[in-house]
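Structure data follow from my_file-v9.txt (compact mmCIF, C-alpha atoms and all ligand atoms):
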# COMPACT_ATOMS: atom_id res chain seq x y z
CA MET A 1 -57.52 18.73 78.83
CA LYS A 2 -55.21 15.86 78.14
CA MET A 3 -53.60 17.75 75.23
CA GLN A 4 -53.34 20.93 77.27
CA ARG A 5 -51.67 19.02 80.11
CA GLY A 6 -49.38 17.40 77.50
CA VAL A 7 -48.15 20.79 76.28
CA ALA A 8 -48.03 22.34 79.74
CA THR A 9 -45.96 19.54 81.33
CA PRO A 10 -42.72 19.99 79.24
CA ALA A 11 -42.99 23.77 79.66
CA ILE A 12 -43.26 23.45 83.44
CA ILE A 13 -40.37 20.98 83.55
CA LEU A 14 -38.21 23.31 81.43
CA ALA A 15 -39.07 26.24 83.68
CA LEU A 16 -38.26 24.19 86.79
CA VAL A 17 -34.94 23.03 85.31
CA ALA A 18 -34.05 26.62 84.35
CA ALA A 19 -34.90 27.79 87.87
CA LEU A 20 -32.83 25.03 89.41
CA VAL A 21 -29.85 25.85 87.18
CA LEU A 22 -30.18 29.50 88.15
CA VAL A 23 -30.40 28.74 91.85
CA PHE A 24 -27.49 26.30 91.64
CA GLY A 25 -25.45 28.82 89.68
CA LEU A 26 -26.16 31.51 92.27
CA LEU A 27 -25.21 29.11 95.07
CA VAL A 28 -21.92 28.26 93.36
CA MET A 29 -21.14 31.94 92.82
CA GLU A 30 -21.97 32.73 96.43
CA LYS A 31 -19.87 29.83 97.68
CA SER A 32 -16.94 30.98 95.56
CA ARG A 33 -17.32 34.55 96.85
CA ASN A 34 -17.36 33.24 100.42
CA PHE A 35 -14.32 31.09 99.72
CA GLN A 36 -12.42 34.04 98.31
CA SER A 37 -13.43 36.23 101.21
CA ASN A 38 -12.41 33.49 103.66
CA LEU A 39 -9.07 33.23 101.93
CA GLN A 40 -8.60 36.98 102.14
CA GLN A 41 -9.56 36.89 105.79
CA GLU A 42 -7.17 34.05 106.55
CA HIS A 43 -4.39 35.85 104.70
CA GLN A 44 -5.09 38.99 106.65
CA VAL A 45 -5.18 37.11 109.97
CA ALA A 46 -1.82 35.39 109.32
CA ASN A 47 -0.23 38.74 108.59
CA SER A 48 -1.62 41.04 111.19
CA GLU A 49 -3.48 39.30 113.97
CA ASP A 50 -1.87 35.92 114.67
CA ILE A 51 -0.01 35.85 117.93
CA PHE A 52 3.15 33.76 118.15
CA GLU A 53 4.35 32.49 121.52
CA TRP A 54 8.00 31.45 121.52
CA ARG A 55 10.24 30.01 124.20
CA MET A 56 13.91 31.04 124.28
CA VAL A 57 16.47 28.97 126.18
CA THR A 58 19.87 30.48 127.01
CA SER A 59 23.31 29.48 128.29
CA TRP A 60 23.32 32.19 130.99
CA PRO A 61 21.92 32.62 134.47
CA LYS A 62 18.53 34.39 134.27
CA ASN A 63 19.00 38.19 133.96
CA PHE A 64 22.83 37.92 134.18
CA PRO A 65 24.27 41.39 133.38
CA GLY A 66 25.29 41.85 129.74
CA ILE A 67 25.06 38.47 128.03
CA GLY A 68 22.03 37.37 130.05
CA MET A 69 20.21 40.67 129.48
CA GLY A 70 20.78 40.47 125.69
CA PRO A 71 18.01 37.87 125.24
CA GLU A 72 15.72 39.75 127.65
CA ASN A 73 16.26 43.04 125.79
CA PHE A 74 15.70 41.25 122.49
CA ALA A 75 12.39 39.77 123.69
CA THR A 76 11.21 43.17 124.97
CA LEU A 77 12.18 44.90 121.72
CA VAL A 78 10.49 42.28 119.52
CA ASP A 79 7.34 42.48 121.66
CA ARG A 80 7.16 46.25 121.31
CA MET A 81 8.04 46.33 117.61
CA SER A 82 5.43 43.67 116.80
CA ASN A 83 2.79 45.17 119.08
CA GLY A 84 2.71 41.91 121.03
CA ARG A 85 2.31 39.64 118.00
CA LEU A 86 5.57 37.83 118.73
CA HIS A 87 5.93 37.16 122.41
CA ILE A 88 9.13 35.46 123.60
CA GLN A 89 9.49 33.94 127.05
CA VAL A 90 13.16 33.81 128.11
CA TYR A 91 14.55 30.97 130.26
CA GLY A 92 17.86 31.01 132.10
CA ALA A 93 20.40 28.16 131.96
CA GLY A 94 19.01 25.01 133.58
CA GLU A 95 15.39 26.19 133.68
CA LEU A 96 14.32 24.18 130.60
CA VAL A 97 17.63 22.80 129.31
CA PRO A 98 21.23 22.88 130.61
CA ALA A 99 23.51 25.82 129.75
CA LEU A 100 25.22 23.80 127.02
CA GLY A 101 22.02 22.13 125.72
CA VAL A 102 20.68 25.15 123.80
CA PHE A 103 21.73 24.05 120.30
CA ASP A 104 20.08 20.62 120.61
CA ALA A 105 16.84 22.07 122.00
CA VAL A 106 16.52 24.51 119.07
CA SER A 107 17.65 21.98 116.47
CA SER A 108 15.06 19.41 117.55
CA GLY A 109 12.29 22.02 117.69
CA ALA A 110 11.72 21.50 121.44
CA VAL A 111 11.93 25.32 121.63
CA GLU A 112 11.73 27.93 118.87
CA ILE A 113 14.77 30.04 119.77
CA GLY A 114 17.96 30.01 121.84
CA HIS A 115 20.73 32.40 122.87
CA THR A 116 24.24 31.03 123.27
CA GLY A 117 27.78 31.16 121.84
CA ALA A 118 28.56 29.36 118.57
CA TYR A 119 31.81 28.01 120.00
CA TYR A 120 29.87 25.85 122.45
CA ASN A 121 28.77 23.87 119.35
CA LYS A 122 32.33 22.96 118.37
CA GLY A 123 31.74 19.24 119.01
CA LYS A 124 29.10 19.15 116.26
CA ILE A 125 30.46 21.88 113.98
CA PRO A 126 34.25 22.25 114.27
CA ALA A 127 34.10 25.56 112.32
CA SER A 128 31.50 27.14 114.63
CA PRO A 129 34.03 29.08 116.81
CA PHE A 130 34.74 31.42 113.87
CA PHE A 131 31.26 32.82 114.53
CA THR A 132 32.01 33.59 118.20
CA ALA A 133 35.73 34.21 118.53
CA VAL A 134 38.93 32.37 117.67
CA PRO A 135 42.41 32.87 119.18
CA PHE A 136 44.10 35.98 117.76
CA GLY A 137 41.06 36.54 115.53
CA MET A 138 38.93 39.53 114.61
CA ASN A 139 37.51 42.01 117.11
CA ALA A 140 33.83 43.02 117.27
CA GLN A 141 34.03 45.75 114.66
CA GLU A 142 35.90 43.49 112.23
CA LEU A 143 33.66 40.49 112.83
CA ASN A 144 30.53 42.58 112.19
CA ALA A 145 32.09 43.88 108.99
CA TRP A 146 32.81 40.33 107.84
CA LEU A 147 29.31 39.13 108.68
CA ASN A 148 27.33 42.03 107.26
CA TYR A 149 29.49 43.08 104.32
CA GLY A 150 32.05 40.33 103.77
CA GLY A 151 29.93 37.22 103.14
CA GLY A 152 30.30 35.77 106.66
CA MET A 153 26.55 35.69 107.36
CA GLU A 154 25.76 33.55 104.31
CA LEU A 155 28.49 31.09 105.28
CA TRP A 156 27.22 30.92 108.89
CA ARG A 157 23.67 30.15 107.75
CA GLU A 158 24.89 27.57 105.28
CA ILE A 159 26.74 25.54 107.93
CA TYR A 160 23.83 25.68 110.43
CA GLU A 161 21.18 24.73 107.86
CA PRO A 162 21.69 20.92 108.14
CA PHE A 163 20.85 21.30 111.84
CA ASN A 164 17.55 23.04 111.02
CA ILE A 165 18.78 26.27 112.61
CA ILE A 166 19.08 29.80 111.23
CA PRO A 167 21.54 31.93 113.27
CA PHE A 168 21.50 35.69 113.92
CA PRO A 169 24.05 37.93 115.69
CA GLY A 170 23.20 38.16 119.39
CA GLY A 171 25.54 40.69 121.00
CA ASN A 172 29.27 41.12 121.42
CA THR A 173 31.35 41.42 124.58
CA GLY A 174 34.24 43.25 122.93
CA VAL A 175 37.82 42.18 123.74
CA GLN A 176 37.80 39.91 126.79
CA MET A 177 40.35 39.62 129.58
CA GLY A 178 42.92 36.80 129.64
CA GLY A 179 41.46 35.50 132.89
CA TRP A 180 42.06 34.95 136.60
CA PHE A 181 45.05 32.85 137.62
CA ASN A 182 46.11 31.47 140.97
CA LYS A 183 49.69 31.19 139.81
CA GLN A 184 51.87 33.61 137.90
CA ILE A 185 52.49 33.10 134.19
CA ASN A 186 56.05 34.28 133.61
CA SER A 187 57.06 31.85 130.87
CA LEU A 188 55.77 28.97 128.75
CA ASP A 189 56.79 26.53 131.47
CA ASP A 190 54.12 28.00 133.73
CA LEU A 191 51.44 26.68 131.37
CA GLN A 192 52.59 23.09 131.99
CA GLY A 193 49.93 21.27 133.99
CA LEU A 194 47.81 24.41 134.33
CA LYS A 195 44.16 23.45 134.67
CA MET A 196 42.05 26.22 133.21
CA ARG A 197 38.48 26.82 132.18
CA LEU A 198 38.94 27.85 128.55
CA PRO A 199 36.30 26.92 125.93
CA GLY A 200 36.51 26.73 122.14
CA ILE A 201 39.67 26.48 120.06
CA ALA A 202 41.67 28.29 122.77
CA GLY A 203 41.15 25.22 124.96
CA GLU A 204 42.80 23.05 122.27
CA VAL A 205 45.66 25.55 122.07
CA LEU A 206 46.23 25.39 125.83
CA GLN A 207 46.25 21.58 125.68
CA ARG A 208 48.98 21.72 123.03
CA ALA A 209 50.93 24.16 125.18
CA GLY A 210 50.93 21.60 128.00
CA GLY A 211 47.93 22.68 130.05
CA THR A 212 44.55 21.10 130.67
CA ALA A 213 41.49 22.89 129.35
CA VAL A 214 38.01 22.33 130.74
CA ASN A 215 34.67 23.88 129.83
CA ILE A 216 32.55 24.75 132.85
CA PRO A 217 29.36 26.88 132.67
CA GLY A 218 29.82 30.40 134.04
CA GLY A 219 27.65 29.80 137.08
CA GLU A 220 30.09 27.18 138.43
CA LEU A 221 33.32 29.15 138.05
CA TYR A 222 33.42 30.73 141.49
CA THR A 223 33.18 27.41 143.32
CA SER A 224 35.57 25.68 140.92
CA MET A 225 38.21 28.34 141.57
CA GLN A 226 37.56 28.51 145.29
CA THR A 227 37.88 24.74 145.78
CA GLY A 228 40.94 24.46 143.54
CA VAL A 229 39.20 22.24 140.94
CA ILE A 230 40.81 24.62 138.43
CA ASP A 231 43.91 26.85 138.70
CA ALA A 232 42.65 29.51 136.34
CA THR A 233 39.57 30.65 134.49
CA GLU A 234 38.59 33.13 131.90
CA TRP A 235 35.04 34.41 131.75
CA VAL A 236 34.47 37.77 130.04
CA GLY A 237 35.95 40.98 131.46
CA PRO A 238 35.78 43.31 134.48
CA TYR A 239 32.00 43.86 134.34
CA ASN A 240 30.94 40.19 134.21
CA ASP A 241 33.86 38.71 136.12
CA ARG A 242 33.05 40.83 139.14
CA SER A 243 29.36 39.84 138.86
CA PHE A 244 30.49 36.26 139.53
CA GLY A 245 32.91 37.40 142.25
CA LEU A 246 35.92 36.01 140.41
CA ASN A 247 38.05 38.85 141.83
CA GLU A 248 37.54 37.18 145.22
CA VAL A 249 38.87 33.77 144.14
CA GLY A 250 41.53 34.66 141.55
CA GLU A 251 44.86 36.18 142.53
CA TYR A 252 46.16 37.57 139.22
CA TYR A 253 44.10 39.15 136.47
CA TYR A 254 45.89 38.74 133.11
CA TYR A 255 45.39 40.55 129.82
CA PRO A 256 44.78 40.62 126.90
CA GLY A 257 42.10 38.08 125.99
CA TRP A 258 44.14 36.55 123.17
CA HIS A 259 41.56 33.80 122.94
CA GLU A 260 38.51 36.10 122.49
CA ALA A 261 39.22 39.36 120.70
CA GLY A 262 35.50 40.11 120.45
CA SER A 263 33.10 37.33 121.23
CA MET A 264 29.82 37.41 119.39
CA LEU A 265 26.85 35.57 120.80
CA GLU A 266 24.08 34.14 118.68
CA PHE A 267 20.34 33.81 118.45
CA GLU A 268 19.54 30.40 117.05
CA ILE A 269 16.07 29.98 115.53
CA ASN A 270 14.49 26.69 114.52
CA ILE A 271 13.96 26.92 110.75
CA ASP A 272 10.38 25.54 110.88
CA ALA A 273 9.43 28.17 113.49
CA TRP A 274 11.15 30.85 111.38
CA ASN A 275 9.24 29.79 108.25
CA ARG A 276 5.92 30.05 110.08
CA LEU A 277 6.49 33.78 110.77
CA PRO A 278 5.00 36.28 108.29
CA ALA A 279 7.54 38.45 106.48
CA ASP A 280 7.02 41.51 108.67
CA LEU A 281 7.73 39.56 111.89
CA GLN A 282 10.81 38.04 110.26
CA ALA A 283 12.03 41.57 109.48
CA ILE A 284 11.39 42.60 113.10
CA VAL A 285 13.43 39.64 114.41
CA GLU A 286 16.27 40.44 112.02
CA GLY A 287 16.28 44.15 112.93
CA ALA A 288 16.10 43.44 116.67
CA SER A 289 19.05 41.04 116.43
CA GLN A 290 21.21 43.71 114.78
CA ALA A 291 20.14 46.27 117.38
CA ILE A 292 20.93 43.95 120.31
CA ASN A 293 24.24 42.95 118.72
CA GLU A 294 25.39 46.59 118.81
CA ASP A 295 23.68 47.49 122.08
CA MET A 296 25.49 44.78 124.03
CA LEU A 297 28.89 45.93 122.74
CA ASP A 298 28.12 49.48 123.83
CA GLU A 299 27.09 48.27 127.28
CA TYR A 300 30.26 46.16 127.72
CA THR A 301 32.52 48.97 126.57
CA ALA A 302 30.96 51.37 129.08
CA GLN A 303 30.63 48.95 132.01
CA ASN A 304 34.08 47.37 131.61
CA ALA A 305 35.61 50.85 131.70
CA ILE A 306 33.72 51.67 134.92
CA VAL A 307 34.32 48.36 136.72
CA LEU A 308 38.02 48.35 135.76
CA GLN A 309 38.44 51.50 137.87
CA ASP A 310 36.76 49.74 140.82
CA LEU A 311 39.07 46.71 140.46
CA ILE A 312 42.12 48.99 140.36
CA ALA A 313 40.85 50.82 143.45
CA ASP A 314 40.42 47.42 145.19
CA GLY A 315 44.09 46.68 144.51
CA THR A 316 43.52 43.88 141.97
CA ASP A 317 46.81 42.52 140.58
CA ILE A 318 46.34 43.23 136.87
CA ARG A 319 49.21 42.19 134.62
CA PRO A 320 50.03 41.43 130.96
CA PHE A 321 50.97 38.00 129.66
CA PRO A 322 54.66 37.94 128.69
CA ASP A 323 55.15 38.49 124.94
CA GLU A 324 56.93 35.14 124.52
CA VAL A 325 53.87 33.33 125.87
CA LEU A 326 51.51 35.15 123.48
CA ILE A 327 53.80 34.62 120.49
CA GLU A 328 53.99 30.91 121.21
CA LEU A 329 50.22 30.65 121.72
CA LYS A 330 49.70 32.38 118.39
CA ALA A 331 52.03 29.96 116.61
CA ILE A 332 50.15 27.01 118.13
CA SER A 333 46.82 28.56 117.11
CA VAL A 334 47.85 28.89 113.47
CA GLU A 335 49.19 25.32 113.55
CA TYR A 336 45.82 24.19 114.90
CA TYR A 337 43.90 26.05 112.13
CA GLU A 338 46.01 24.42 109.47
CA GLU A 339 45.73 20.91 110.89
CA GLU A 340 42.00 21.21 111.43
CA SER A 341 41.62 22.44 107.84
CA GLU A 342 43.22 19.20 106.65
CA ARG A 343 40.79 17.20 108.76
CA ASP A 344 37.49 19.00 108.16
CA ALA A 345 36.44 20.47 104.78
CA THR A 346 33.90 22.89 106.28
CA PHE A 347 36.48 24.16 108.76
CA ALA A 348 38.86 24.76 105.84
CA GLU A 349 36.19 26.67 103.90
CA VAL A 350 35.27 28.93 106.84
CA TYR A 351 38.91 29.44 107.93
CA ASP A 352 39.98 30.49 104.39
CA HIS A 353 37.03 32.86 104.07
CA TYR A 354 37.55 34.34 107.55
CA TRP A 355 41.31 34.66 107.23
CA SER A 356 41.23 36.27 103.83
CA PHE A 357 38.92 38.98 105.22
CA TYR A 358 41.03 39.18 108.41
CA GLU A 359 44.22 39.93 106.46
CA LYS A 360 42.58 42.77 104.55
CA VAL A 361 40.94 44.36 107.57
CA GLN A 362 44.16 43.94 109.56
CA ALA A 363 46.05 45.90 106.92
CA TRP A 364 43.43 48.65 107.03
CA HIS A 365 43.39 48.84 110.81
CA ALA A 366 47.21 48.89 110.88
CA ILE A 367 47.05 52.37 109.35
CA SER A 368 43.82 53.54 110.99
CA GLU A 369 42.76 52.20 114.42
CA LEU A 370 46.18 51.02 115.63
CA PRO A 371 48.27 54.22 115.16
CA LEU A 372 45.47 56.27 116.69
CA TYR A 373 45.28 54.01 119.75
CA LEU A 374 49.06 54.21 120.16
CA ILE A 375 49.32 57.97 119.83
CA ARG A 376 46.45 58.46 122.26
CA GLU A 377 48.62 56.76 124.88
CA GLN A 378 51.32 59.45 124.55
CA CA B 401 35.13 34.08 127.57
Would you give me this structure, written as structure tokens?
Amino acid sequence: MKMQRGVATPAIILALVAALVLVFGLLVMEKSRNFQSNLQQEHQVANSEDIFEWRMVTSWPKNFPGIGMGPENFATLVDRMSNGRLHIQVYGAGELVPALGVFDAVSSGAVEIGHTGAYYNKGKIPASPFFTAVPFGMNAQELNAWLNYGGGMELWREIYEPFNIIPFPGGNTGVQMGGWFNKQINSLDDLQGLKMRLPGIAGEVLQRAGGTAVNIPGGELYTSMQTGVIDATEWVGPYNDRSFGLNEVGEYYYYPGWHEAGSMLEFEINIDAWNRLPADLQAIVEGASQAINEDMLDEYTAQNAIVLQDLIADGTDIRPFPDEVLIELKAISVEYYEEESERDATFAEVYDHYWSFYEKVQAWHAISELPLYLIREQ
């Protein structure tokens, strides 16, 4: 009995150990299968089921025609293209942050996305106006060509990167009007002491020409003109200027918008928020931005043409700036670009890049767009 037990005991122990190893091995295999399947599930969820809720702050009154509808149309388009996986709530100026506080809110990550004009960021990035509009610069068609096929986009993203922002085109107003004036501009002398709402580099140019430039959010322009806080203001063009009632508080409506030959707006996205999006949602955001960029230009072209007829019918005093004034403003603008290039290396880099494209596209348009426009007038 003792001997039998002695032989049986090691055999039982061996069998038990083998069973344990088998069970353990099966458990490990099962666990690993589960882990892999969990991973696959997680991967799948991040790509097709996660819902992203973003907040977008803007520099415009909520639902303002044109520029204020750009972010709304973008949010609607992204929602539909993503089947609701990226939902963007749009806030008007002052609802979450002030009109001119969009850049800081996106940069800090307080919100995921913003819609504004790059030239409002001039205090932080002196070269930023090249990505909205600069005096005597490129129009919408030319600016889009530079961005999409001339290297402008890469440069734009490079200069925003230190602020943790990735920018996208956000609509274009086309050529703007010169603005509403409560005194006539017949010569350079008339710019002396003129107090005008004029943002971006154009404001610096006016200062050098003897005027005083201020930057006031669009929503305050009517009152500022009515109370005489300013003598003149530019805003956008017939469509938007009438929305604010500027035709009621400005006596003379001057053209052309030498300061904004085609102002592009921008979507600014916080880079951390951008990196959290799966690739397909990133592609949807990119595609929607291009669509809105073109759509807004189409809307402005159509609506400006319609509202211009209404302004003419109302007897609005529409007049051109004298050539000598424009020629002088252009000379001051170029002087400004050159001086600022000496002062700021990034400005110099962007200016050189922009201007080298500008000269080529100008030469092309001199024998294409321009002669056609002129002959159509005959
Ligand atoms: Ca403007």
Can you work out which residues are within 9 Å of ligand CA 401 (chain B), considering only C-alpha atoms and all ligand atoms, and then hand them over as a list in words?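 Counting only what the definition allows, namely only C-alpha atoms and all ligand atoms, the set is Thr173, Gln176, Met177, Gly178, Gly179, Leu198, Pro199, Thr233, Glu234, Trp235, Val236, Gly237, Gly257, His259, Glu260 and Ser263 of chain A.
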Could you check the closest approach to Arg208 (chain A) for each of A:Glu158, A:Glu328, A:Glu266, A:Glu377 and tell me which residue wins, using only C-alpha atoms?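 Residue with the minimum atom-to-atom distance to Arg208 (chain A): A:Glu328.
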*asked:* Given only C-alpha atoms as the basis, pick out the residue of A:Gln207, A:Ser224, A:Asn63, A:Asn83 nearest to Leu191 (chain A).
replied: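 Counting only C-alpha atoms, the residue closest to Leu191 (chain A) is A:Gln207.
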I'd like the neighbourhood of Asn139 (chain A) as a compact mmCIF listing (two decimals) with C-alpha atoms, in the frame of the given file, where a residue qualifies if any of its atoms comes within 10 Å (using all atoms listed in the file), though same-chain residues fewer than 2 positions away should be ignored.
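Saved result, around11.txt, follows:
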# COMPACT_ATOMS: atom_id res chain seq x y z
CA ALA A 133 35.73 34.21 118.53
CA VAL A 134 38.93 32.37 117.67
CA PHE A 136 44.10 35.98 117.76
CA GLY A 137 41.06 36.54 115.53
CA GLN A 141 34.03 45.75 114.66
CA GLU A 142 35.90 43.49 112.23
CA LEU A 143 33.66 40.49 112.83
CA ASN A 144 30.53 42.58 112.19
CA ALA A 145 32.09 43.88 108.99
CA ASN A 172 29.27 41.12 121.42
CA THR A 173 31.35 41.42 124.58
CA GLY A 174 34.24 43.25 122.93
CA VAL A 175 37.82 42.18 123.74
CA GLN A 176 37.80 39.91 126.79
CA GLU A 260 38.51 36.10 122.49
CA ALA A 261 39.22 39.36 120.70
CA GLY A 262 35.50 40.11 120.45
CA SER A 263 33.10 37.33 121.23
CA MET A 264 29.82 37.41 119.39
CA TYR A 358 41.03 39.18 108.41
How close does each residue of region 263-323 of chain A get to region 239-248 of chain A, giving the shortest atom pair and distance in Å to one decimal for every residue with an atom at most 10 Å away, counting all atoms listed in the file, sorted by chain and residue number, as JSON lines?
{"residue": "A:Glu299", "atom": "CA", "partner": "A:Tyr239", "partner_atom": "CA", "distance": 9.7}
{"residue": "A:Tyr300", "atom": "CA", "partner": "A:Tyr239", "partner_atom": "CA", "distance": 7.2}
{"residue": "A:Thr301", "atom": "CA", "partner": "A:Tyr239", "partner_atom": "CA", "distance": 9.3}
{"residue": "A:Ala302", "atom": "CA", "partner": "A:Tyr239", "partner_atom": "CA", "distance": 9.2}
{"residue": "A:Gln303", "atom": "CA", "partner": "A:Tyr239", "partner_atom": "CA", "distance": 5.8}
{"residue": "A:Asn304", "atom": "CA", "partner": "A:Tyr239", "partner_atom": "CA", "distance": 4.9}
{"residue": "A:Ala305", "atom": "CA", "partner": "A:Tyr239", "partner_atom": "CA", "distance": 8.3}
{"residue": "A:Ile306", "atom": "CA", "partner": "A:Tyr239", "partner_atom": "CA", "distance": 8.0}
{"residue": "A:Val307", "atom": "CA", "partner": "A:Tyr239", "partner_atom": "CA", "distance": 5.6}
{"residue": "A:Leu308", "atom": "CA", "partner": "A:Tyr239", "partner_atom": "CA", "distance": 7.6}
{"residue": "A:Asp310", "atom": "CA", "partner": "A:Arg242", "partner_atom": "CA", "distance": 9.8}
{"residue": "A:Leu311", "atom": "CA", "partner": "A:Asn247", "partner_atom": "CA", "distance": 8.0}
{"residue": "A:Asp314", "atom": "CA", "partner": "A:Asn247", "partner_atom": "CA", "distance": 9.5}
{"residue": "A:Thr316", "atom": "CA", "partner": "A:Asn247", "partner_atom": "CA", "distance": 7.4}
{"residue": "A:Asp317", "atom": "CA", "partner": "A:Asn247", "partner_atom": "CA", "distance": 9.6}
Save out the residues we just selected, C-alpha atoms, as a PDB file, in the coordinates of the input.
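Heads up, here's the output in result.pdb:
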ATOM      1  CA  GLU A 299      27.090  48.270 127.280  1.00  0.00           C
ATOM      2  CA  TYR A 300      30.260  46.160 127.720  1.00  0.00           C
ATOM      3  CA  THR A 301      32.520  48.970 126.570  1.00  0.00           C
ATOM      4  CA  ALA A 302      30.960  51.370 129.080  1.00  0.00           C
ATOM      5  CA  GLN A 303      30.630  48.950 132.010  1.00  0.00           C
ATOM      6  CA  ASN A 304      34.080  47.370 131.610  1.00  0.00           C
ATOM      7  CA  ALA A 305      35.610  50.850 131.700  1.00  0.00           C
ATOM      8  CA  ILE A 306      33.720  51.670 134.920  1.00  0.00           C
ATOM      9  CA  VAL A 307      34.320  48.360 136.720  1.00  0.00           C
ATOM     10  CA  LEU A 308      38.020  48.350 135.760  1.00  0.00           C
ATOM     11  CA  ASP A 310      36.760  49.740 140.820  1.00  0.00           C
ATOM     12  CA  LEU A 311      39.070  46.710 140.460  1.00  0.00           C
ATOM     13  CA  ASP A 314      40.420  47.420 145.190  1.00  0.00           C
ATOM     14  CA  THR A 316      43.520  43.880 141.970  1.00  0.00           C
ATOM     15  CA  ASP A 317      46.810  42.520 140.580  1.00  0.00           C
TER      16      ASP A 317
END
*Interatomic distance, CA of Ile375 (chain A) to CA of Ala331 (chain A) (Å, one decimal)*: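 One can read the CA of Ile375 (chain A) to CA of Ala331 (chain A) distance as 28.3 Å.
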List the spatial neighbours of Ile166 (chain A) as a PyMOL selection string - criterion: any atom at most 7 Å away, all atoms listed in the file, same-chain residues fewer than 3 positions off excluded. chain A and resi 157+160-161+268-271
Print the selection's residues with C-alpha atoms to a file, as a PDB file, keeping the file's coordinate frame.
ATOM      1  CA  ARG A 157      23.670  30.150 107.750  1.00  0.00           C
ATOM      2  CA  TYR A 160      23.830  25.680 110.430  1.00  0.00           C
ATOM      3  CA  GLU A 161      21.180  24.730 107.860  1.00  0.00           C
ATOM      4  CA  GLU A 268      19.540  30.400 117.050  1.00  0.00           C
ATOM      5  CA  ILE A 269      16.070  29.980 115.530  1.00  0.00           C
ATOM      6  CA  ASN A 270      14.490  26.690 114.520  1.00  0.00           C
ATOM      7  CA  ILE A 271      13.960  26.920 110.750  1.00  0.00           C
TER       8      ILE A 271
END
Find the residues around Ser82 (chain A) up to 7 Å (only C-alpha atoms counted), leave out those fewer than 4 positions away in its own chain, and share them as a PyMOL selection string.
chain A and resi 78+86+281
Correct to one decimal, the distance CA of Leu155 (chain A)-CA of Val97 (chain A) is 27.6 Å
One residue among A:Gly152, A:Pro126, A:Pro65, A:Pro278 is nearest to Phe168 (chain A) when using all atoms listed in the file, and that residue is A:Gly152
From CA of Gly150 (chain A) to CA of Tyr337 (chain A) the spacing works out at 20.4 Å
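Closest to Ser187 (chain A) among A:Ile51, A:Val205, A:Leu372, A:Val325 is A:Val325, based on only C-alpha atoms.
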- prompt: Thr223 (chain A): which residues within 9 Å, counting only C-alpha atoms, same-chain residues fewer than 5 positions away excluded, as a PyMOL selection string?
  reply: chain A and resi 228-229+249
Please return region 131-142 of chain A, rebuilt to N, CA and C atoms, as an mmCIF file, keeping the file's coordinate frame.
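The resulting result-v3.cif:
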data_model
loop_
_atom_site.group_PDB
_atom_site.id
_atom_site.type_symbol
_atom_site.label_atom_id
_atom_site.label_comp_id
_atom_site.auth_asym_id
_atom_site.auth_seq_id
_atom_site.Cartn_x
_atom_site.Cartn_y
_atom_site.Cartn_z
ATOM 1 N N PHE A 131 32.419 31.944 114.418
ATOM 2 C CA PHE A 131 31.260 32.820 114.530
ATOM 3 C C PHE A 131 31.042 33.290 115.981
ATOM 4 N N THR A 132 31.997 32.987 116.861
ATOM 5 C CA THR A 132 32.010 33.590 118.200
ATOM 6 C C THR A 132 33.324 34.355 118.298
ATOM 7 N N ALA A 133 34.394 33.617 118.475
ATOM 8 C CA ALA A 133 35.730 34.210 118.530
ATOM 9 C C ALA A 133 36.730 33.070 118.403
ATOM 10 N N VAL A 134 37.845 33.342 117.745
ATOM 11 C CA VAL A 134 38.930 32.370 117.670
ATOM 12 C C VAL A 134 40.207 33.048 118.158
ATOM 13 N N PRO A 135 41.177 32.261 118.665
ATOM 14 C CA PRO A 135 42.410 32.870 119.180
ATOM 15 C C PRO A 135 43.065 33.793 118.143
ATOM 16 N N PHE A 136 43.419 34.978 118.581
ATOM 17 C CA PHE A 136 44.100 35.980 117.760
ATOM 18 C C PHE A 136 43.272 36.353 116.527
ATOM 19 N N GLY A 137 41.951 36.255 116.660
ATOM 20 C CA GLY A 137 41.060 36.540 115.530
ATOM 21 C C GLY A 137 40.572 37.982 115.513
ATOM 22 N N MET A 138 39.460 38.185 114.834
ATOM 23 C CA MET A 138 38.930 39.530 114.610
ATOM 24 C C MET A 138 38.219 40.071 115.846
ATOM 25 N N ASN A 139 38.257 41.383 116.015
ATOM 26 C CA ASN A 139 37.510 42.010 117.110
ATOM 27 C C ASN A 139 36.052 42.249 116.662
ATOM 28 N N ALA A 140 35.261 42.865 117.533
ATOM 29 C CA ALA A 140 33.830 43.020 117.270
ATOM 30 C C ALA A 140 33.558 43.791 115.980
ATOM 31 N N GLN A 141 34.249 44.903 115.828
ATOM 32 C CA GLN A 141 34.030 45.750 114.660
ATOM 33 C C GLN A 141 34.360 44.993 113.361
ATOM 34 N N GLU A 142 35.464 44.233 113.423
ATOM 35 C CA GLU A 142 35.900 43.490 112.230
ATOM 36 C C GLU A 142 34.968 42.321 111.933
#
